[in-house]
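Trainee: Structure incoming, see below.
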Amino acid sequence: MLTSLNLGDGQNLGTANGKIALDCSVRRTRQGHYCISTTDFFFPLVDSPYLQGRIGAANVLSDLYAEGVGECDFVLMLLAACRDMTEDDRNICTREMVRGFNDACLEAGTTVTGGQTVLNPWPVIGGVATTICSDGEFVKSDGAQVGDVVVLTKPLGTQVAVNVHEWRVRGTPKWKELTNRSILSREEAEDMMHAAVCSMSRLNRHGGGLMVKHHAHAGTDVTGFGLVGHAQNLMDNQAAEVGMELHTLPCIANTVKVEQSGVFDFRLLKGYSAETSGGLMICMKEDDARRYCEELELLDGEKAWIIGRVIADPDRKARIVEGIKILEVGLS
């Protein structure tokens with residue numbers, strides 16, 4: 001649909017045709033700098049409005065970090081307060097969402113300078129993140145090369161964890177099936193949700209800030225389309241005729257056995273389970289990737305993984321190979 005509208009003017013940098021951006025709009029200014037901007041918003045997936053705000057900010061900033069920048073100059077906040085709550089509940093919820101959003105922005109070294117607020121059936125928070133930089137201070141997202149490896153900076157499985165948490169809280173038939181079949185305990189479900197919230201609320205700031213230093217060739221972040229969906233978008237965007245083979249899936253502990261139980265098909269092991277505020281997926285040379293992962297772990301206290309490789313492919317396909325290796329990632 002959007003293709004038929006002929007949006008864009010062909011001047012976006014790092015995209016296949018210079019039109020609609022992959023993660024961010026990257027524009028050269030009249031003064032010779034580069035303006036990188038992105039927008040996103042977050043519906044309630046967690047119980048805490050404070051954490052919703054924090055995850056919302058991390059989600060907005062992640063697209064910026066996927067361009068290989070570690071600094072955001074300013075953020076505009078987009079806020080929807082819930083019209084169906086009582087006034088007291090709405091004030092408390094909205095204040096906590098804004099506080100969480102602002103705290104994450106302050107941690108990122110940026111500031112909220114304005115925005116827009118509306119009333120809505122659901123409380124929603126997001127924003128617009130912008131950075132101004134010079135040539136060489138960001139990574140164009142179209143430079144993947146044959147022989148590159150693929151790095152992922154956060155584990156998969158947030159959709160599984162969030163849904164199982166809701167099943168447990170509501171006491172749904174799916175939750176009863178998981179417990180009656182001894183697939184998952186209450187404690188495992190709580191740990192799984194805690195790991196997901198920690199992952200979703202963690203900024204990709206260091207991951208983005210190290211991309212230029214370690215000579216990254218291309219990158220994106222893994223969110224709503226799932227791992228393979230975003231890998232395919234990235235390959236479609238490359239200047240060279242390349243594809244991607246994924247050989248390793250790092251998953252939040254216990255999400256895999258939920259997926260394999262057959263209670264619900266999240267498509268986690270097929271690479272299409274949606275993620276919220278997921279990790280960066282980066283193409284770079286193997287030696288650079290290993291140094292990148294080591295330095296990122298020192299800064300974040302969390303592992304990153306080499307999960308695939310870039311191959312020559314005129315069809316530009318991203319796929320999971322047979323015999324995929326699954327890593328269970330617990331809390332650090």
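Residue numbering restarts at 1 for every chain of the structure tokens, chains are lettered A, B, ... in their displayed order, and ligands are numbered from 1 as they appear.
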Please provide as an MDAnalysis selection string all residues within 12 Å of A:Phe264, with the sequence filter that same-chain residues fewer than 2 positions apart are discarded (counting only C-alpha atoms).
Mentor: chainID A and resid 159:160 163:164 167 173:175 177:178 255:262 266:268 273
Trainee: Within 9 Å of A:Asp315, counting only C-alpha atoms, which residues qualify if same-chain residues fewer than 4 places away don't, as a VMD selection string?
Mentor: chain A and resid 236 241 to 243
Trainee: Would you mind listing what lies within 6 Å of stretch 285-297 of chain A as JSON, numbers by chain, with only C-alpha atoms counted and same-chain residues fewer than 2 positions away left out?
Mentor: {"A": [148, 149, 214, 299, 300, 301, 302, 303, 304]}
Trainee: How about saving the chosen residues, all heavy atoms kept, as a PDB file, in the first residue's frame?
Mentor:
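And here's out.pdb as it stands now:
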```
ATOM      1  N   ASP A 148      30.681 -11.574   6.470  1.00  0.00           N
ATOM      2  CA  ASP A 148      30.336 -10.988   7.770  1.00  0.00           C
ATOM      3  C   ASP A 148      29.640 -12.026   8.639  1.00  0.00           C
ATOM      4  O   ASP A 148      28.952 -12.928   8.144  1.00  0.00           O
ATOM      5  CB  ASP A 148      29.371  -9.811   7.589  1.00  0.00           C
ATOM      6  CG  ASP A 148      30.062  -8.533   7.151  1.00  0.00           C
ATOM      7  OD1 ASP A 148      31.305  -8.506   7.112  1.00  0.00           O
ATOM      8  OD2 ASP A 148      29.344  -7.552   6.844  1.00  0.00           O
ATOM      9  N   VAL A 149      29.786 -11.882   9.948  1.00  0.00           N
ATOM     10  CA  VAL A 149      28.953 -12.631  10.878  1.00  0.00           C
ATOM     11  C   VAL A 149      27.851 -11.701  11.374  1.00  0.00           C
ATOM     12  O   VAL A 149      27.895 -10.485  11.170  1.00  0.00           O
ATOM     13  CB  VAL A 149      29.757 -13.207  12.053  1.00  0.00           C
ATOM     14  CG1 VAL A 149      30.807 -14.183  11.545  1.00  0.00           C
ATOM     15  CG2 VAL A 149      30.393 -12.102  12.892  1.00  0.00           C
ATOM     16  N   HIS A 214      33.898  -0.697  16.140  1.00  0.00           N
ATOM     17  CA  HIS A 214      34.212  -2.060  15.734  1.00  0.00           C
ATOM     18  C   HIS A 214      33.834  -2.345  14.277  1.00  0.00           C
ATOM     19  O   HIS A 214      33.644  -3.493  13.881  1.00  0.00           O
ATOM     20  CB  HIS A 214      33.548  -3.049  16.684  1.00  0.00           C
ATOM     21  CG  HIS A 214      34.121  -3.010  18.075  1.00  0.00           C
ATOM     22  ND1 HIS A 214      35.341  -3.572  18.398  1.00  0.00           N
ATOM     23  CD2 HIS A 214      33.664  -2.439  19.214  1.00  0.00           C
ATOM     24  CE1 HIS A 214      35.596  -3.370  19.677  1.00  0.00           C
ATOM     25  NE2 HIS A 214      34.599  -2.689  20.196  1.00  0.00           N
ATOM     26  N   LEU A 299      30.470  -3.546  29.400  1.00  0.00           N
ATOM     27  CA  LEU A 299      29.694  -2.332  29.636  1.00  0.00           C
ATOM     28  C   LEU A 299      28.297  -2.617  30.164  1.00  0.00           C
ATOM     29  O   LEU A 299      27.809  -1.938  31.066  1.00  0.00           O
ATOM     30  CB  LEU A 299      29.594  -1.520  28.337  1.00  0.00           C
ATOM     31  CG  LEU A 299      30.899  -0.911  27.821  1.00  0.00           C
ATOM     32  CD1 LEU A 299      30.685  -0.302  26.445  1.00  0.00           C
ATOM     33  CD2 LEU A 299      31.405   0.156  28.791  1.00  0.00           C
ATOM     34  N   ASP A 300      27.638  -3.621  29.591  1.00  0.00           N
ATOM     35  CA  ASP A 300      26.238  -3.905  29.937  1.00  0.00           C
ATOM     36  C   ASP A 300      26.081  -4.989  30.999  1.00  0.00           C
ATOM     37  O   ASP A 300      25.015  -5.116  31.609  1.00  0.00           O
ATOM     38  CB  ASP A 300      25.459  -4.334  28.682  1.00  0.00           C
ATOM     39  CG  ASP A 300      24.909  -3.153  27.903  1.00  0.00           C
ATOM     40  OD1 ASP A 300      25.043  -2.014  28.389  1.00  0.00           O
ATOM     41  OD2 ASP A 300      24.341  -3.367  26.816  1.00  0.00           O
ATOM     42  N   GLY A 301      27.107  -5.813  31.169  1.00  0.00           N
ATOM     43  CA  GLY A 301      26.978  -6.939  32.072  1.00  0.00           C
ATOM     44  C   GLY A 301      26.115  -8.052  31.516  1.00  0.00           C
ATOM     45  O   GLY A 301      25.665  -8.929  32.263  1.00  0.00           O
ATOM     46  N   GLU A 302      25.854  -8.023  30.212  1.00  0.00           N
ATOM     47  CA  GLU A 302      25.029  -9.031  29.542  1.00  0.00           C
ATOM     48  C   GLU A 302      25.740  -9.500  28.283  1.00  0.00           C
ATOM     49  O   GLU A 302      26.454  -8.734  27.636  1.00  0.00           O
ATOM     50  CB  GLU A 302      23.656  -8.457  29.166  1.00  0.00           C
ATOM     51  CG  GLU A 302      22.851  -7.925  30.340  1.00  0.00           C
ATOM     52  CD  GLU A 302      22.286  -9.025  31.217  1.00  0.00           C
ATOM     53  OE1 GLU A 302      22.322 -10.199  30.804  1.00  0.00           O
ATOM     54  OE2 GLU A 302      21.806  -8.705  32.322  1.00  0.00           O
ATOM     55  N   LYS A 303      25.511 -10.757  27.922  1.00  0.00           N
ATOM     56  CA  LYS A 303      26.166 -11.323  26.753  1.00  0.00           C
ATOM     57  C   LYS A 303      25.511 -10.868  25.454  1.00  0.00           C
ATOM     58  O   LYS A 303      24.323 -10.545  25.411  1.00  0.00           O
ATOM     59  CB  LYS A 303      26.138 -12.850  26.813  1.00  0.00           C
ATOM     60  CG  LYS A 303      27.089 -13.460  27.840  1.00  0.00           C
ATOM     61  CD  LYS A 303      27.100 -14.973  27.709  1.00  0.00           C
ATOM     62  CE  LYS A 303      28.105 -15.582  28.687  1.00  0.00           C
ATOM     63  NZ  LYS A 303      29.489 -15.163  28.371  1.00  0.00           N
ATOM     64  N   ALA A 304      26.306 -10.856  24.393  1.00  0.00           N
ATOM     65  CA  ALA A 304      25.810 -10.772  23.018  1.00  0.00           C
ATOM     66  C   ALA A 304      26.352 -12.006  22.302  1.00  0.00           C
ATOM     67  O   ALA A 304      27.325 -12.620  22.754  1.00  0.00           O
ATOM     68  CB  ALA A 304      26.286  -9.495  22.347  1.00  0.00           C
TER      69      ALA A 304
END
```
Trainee: From the options A:Pro44, A:Gly208, A:Gly308, A:Gly323, which residue's atoms come nearest to A:Leu280, counting only C-alpha atoms?
Mentor: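 That would be A:Gly208, the residue with the smallest distance to A:Leu280.
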Trainee: Give me, as a tab-separated table, the closest atom pair and its distance (Å, one decimal) for every residue of stretch 178-287 of chain A within a cut-off of 8 Å of stretch 70-78 of chain A, counting only C-alpha atoms, rows sorted by chain and rising number.
Mentor:
```
residue	atom	partner	partner_atom	distance
A:Arg205	CA	A:Gly70	CA	5.1
A:His206	CA	A:Gly70	CA	6.3
A:Gly207	CA	A:Gly70	CA	7.7
A:Gly208	CA	A:Gly70	CA	5.1
A:Gly209	CA	A:Gly70	CA	3.7
A:Leu210	CA	A:Gly70	CA	7.6
```
Trainee: Determine the nearest neighbour of A:Ala253 from the options A:Thr223, A:Gln52, A:Thr179, A:Thr158, counting only C-alpha atoms.
Mentor: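 Smallest separation from A:Ala253 among the options: A:Thr158.
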Trainee: Report as JSON lines: every residue of stretch 191-267 of chain A with an atom at most 6 Å from stretch 56-66 of chain A, its closest pair of atoms, and their distance in Å to one decimal, counting only C-alpha atoms, with rows sorted by chain and ascending residue number.
Mentor:
```
{"residue": "A:Leu203", "atom": "CA", "partner": "A:Ala58", "partner_atom": "CA", "distance": 5.3}
{"residue": "A:Asn204", "atom": "CA", "partner": "A:Ser62", "partner_atom": "CA", "distance": 5.8}
{"residue": "A:Gly208", "atom": "CA", "partner": "A:Tyr65", "partner_atom": "CA", "distance": 4.3}
{"residue": "A:Gly219", "atom": "CA", "partner": "A:Ala66", "partner_atom": "CA", "distance": 5.6}
{"residue": "A:Thr220", "atom": "CA", "partner": "A:Ala66", "partner_atom": "CA", "distance": 4.9}
{"residue": "A:Asp221", "atom": "CA", "partner": "A:Ala66", "partner_atom": "CA", "distance": 5.8}
```
Trainee: Deliver the residues from the most recent selection as a file, using N, CA, C and O atoms, as a JSON list (two decimals), in the first residue's frame.
Mentor:
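Written out: result35.json:
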```
[["chain", "number", "residue", "atom", "x", "y", "z"],
["A", 203, "LEU", "N", 18.57, -0.33, 27.78],
["A", 203, "LEU", "CA", 18.89, 0.47, 26.60],
["A", 203, "LEU", "C", 19.90, -0.24, 25.70],
["A", 203, "LEU", "O", 20.81, -0.92, 26.20],
["A", 204, "ASN", "N", 19.77, -0.04, 24.41],
["A", 204, "ASN", "CA", 20.78, -0.51, 23.45],
["A", 204, "ASN", "C", 21.86, 0.55, 23.20],
["A", 204, "ASN", "O", 22.56, 0.50, 22.18],
["A", 208, "GLY", "N", 24.79, 0.34, 20.35],
["A", 208, "GLY", "CA", 24.87, 1.26, 19.22],
["A", 208, "GLY", "C", 26.16, 2.06, 19.21],
["A", 208, "GLY", "O", 26.78, 2.25, 18.17],
["A", 219, "GLY", "N", 23.17, -2.66, 10.31],
["A", 219, "GLY", "CA", 22.49, -3.09, 11.52],
["A", 219, "GLY", "C", 21.02, -2.71, 11.50],
["A", 219, "GLY", "O", 20.58, -1.85, 10.75],
["A", 220, "THR", "N", 20.27, -3.39, 12.36],
["A", 220, "THR", "CA", 18.86, -3.06, 12.60],
["A", 220, "THR", "C", 18.56, -3.52, 14.02],
["A", 220, "THR", "O", 19.42, -4.06, 14.70],
["A", 221, "ASP", "N", 17.34, -3.30, 14.49],
["A", 221, "ASP", "CA", 16.95, -3.87, 15.77],
["A", 221, "ASP", "C", 15.79, -4.84, 15.56],
["A", 221, "ASP", "O", 15.07, -4.77, 14.58]]
```
Trainee: Hey, which bits of stretch 16-89 of chain A sit within 6 Å of stretch 122-126 of chain A, and for each residue what's the closest pair of atoms and how far apart in Å (one decimal), counting only C-alpha atoms, rows by chain and increasing number, as JSON lines?
Mentor:
```
{"residue": "A:Asp40", "atom": "CA", "partner": "A:Gly126", "partner_atom": "CA", "distance": 5.5}
{"residue": "A:Phe41", "atom": "CA", "partner": "A:Gly126", "partner_atom": "CA", "distance": 3.6}
{"residue": "A:Phe42", "atom": "CA", "partner": "A:Ile125", "partner_atom": "CA", "distance": 5.5}
{"residue": "A:Phe43", "atom": "CA", "partner": "A:Val124", "partner_atom": "CA", "distance": 5.0}
{"residue": "A:Gly56", "atom": "CA", "partner": "A:Gly126", "partner_atom": "CA", "distance": 5.4}
{"residue": "A:Met77", "atom": "CA", "partner": "A:Gly126", "partner_atom": "CA", "distance": 5.9}
{"residue": "A:Leu78", "atom": "CA", "partner": "A:Gly126", "partner_atom": "CA", "distance": 5.0}
{"residue": "A:Leu79", "atom": "CA", "partner": "A:Ile125", "partner_atom": "CA", "distance": 4.6}
{"residue": "A:Ala80", "atom": "CA", "partner": "A:Val124", "partner_atom": "CA", "distance": 4.9}
{"residue": "A:Ala81", "atom": "CA", "partner": "A:Pro123", "partner_atom": "CA", "distance": 5.0}
{"residue": "A:Cys82", "atom": "CA", "partner": "A:Pro123", "partner_atom": "CA", "distance": 4.7}
```
Trainee: Between atom CA of A:Tyr50 and atom CA of A:Arg90, what is the distance, to one decimal in Å?
Mentor: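 Taking atom CA of A:Tyr50 and atom CA of A:Arg90, their separation equals 13.1 Å.
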Trainee: I'd like to know which of A:Asp313, A:Ser182, A:Thr29, A:Gly53 is closest to A:Glu96, using only C-alpha atoms.
Mentor: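 Nearest to A:Glu96: A:Gly53.
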Trainee: Within 7 Å of A:His215, counting only C-alpha atoms, which residues qualify if same-chain residues fewer than 2 places away don't, as a list in words?
Mentor: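 Near A:His215, the qualifying residues are Met211, Val212, Lys213, His217, Met284 and Asp288 of chain A.
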Trainee: Next, write the just-selected residues to a file, as a CSV table (one decimal), in the first residue's frame, keeping N, CA and C atoms as the atom set.
Mentor:
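Contents of out_21.csv, as written:
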```csv
chain,number,residue,atom,x,y,z
A,211,MET,N,29.3,0.4,17.6
A,211,MET,CA,29.2,-0.1,16.2
A,211,MET,C,30.3,0.5,15.3
A,212,VAL,N,30.5,1.8,15.4
A,212,VAL,CA,31.5,2.5,14.6
A,212,VAL,C,32.9,2.1,15.0
A,213,LYS,N,33.1,2.0,16.3
A,213,LYS,CA,34.4,1.6,16.8
A,213,LYS,C,34.9,0.2,16.2
A,217,HIS,N,29.1,-3.0,9.5
A,217,HIS,CA,28.8,-2.7,8.1
A,217,HIS,C,27.3,-2.4,7.9
A,284,MET,N,29.1,-7.6,10.8
A,284,MET,CA,30.5,-7.1,10.8
A,284,MET,C,31.4,-8.3,10.7
A,288,ASP,N,36.1,-8.5,14.4
A,288,ASP,CA,35.5,-7.3,15.0
A,288,ASP,C,34.3,-7.7,15.9
```
Trainee: Env of A:Phe101: 7 Å cut, atoms = only C-alpha atoms, seq-sep filter 2 positions within chain, self excluded. Answer as a PyMOL selection string.
Mentor: chain A and resi 53-54+56-57+97-99+103-105
Trainee: From the DSSP assignment of the backbone, select every residue of stretch 44-164 of chain A that is strand (DSSP E), and format the answer as number ranges by chain.
Mentor: A: 74-82, 112-120, 124-133, 149-152
Trainee: So what do you get for atom CA of A:Tyr34 versus atom CA of A:Arg309, distance-wise?
Mentor: 29.7 Å
Trainee: Within 10 Å of A:Gly330, counting only C-alpha atoms, which residues show up once you throw out same-chain ones fewer than 3 positions away? Write them as a PyMOL selection string, please.
Mentor: chain A and resi 155+191-192+195+251-254+327
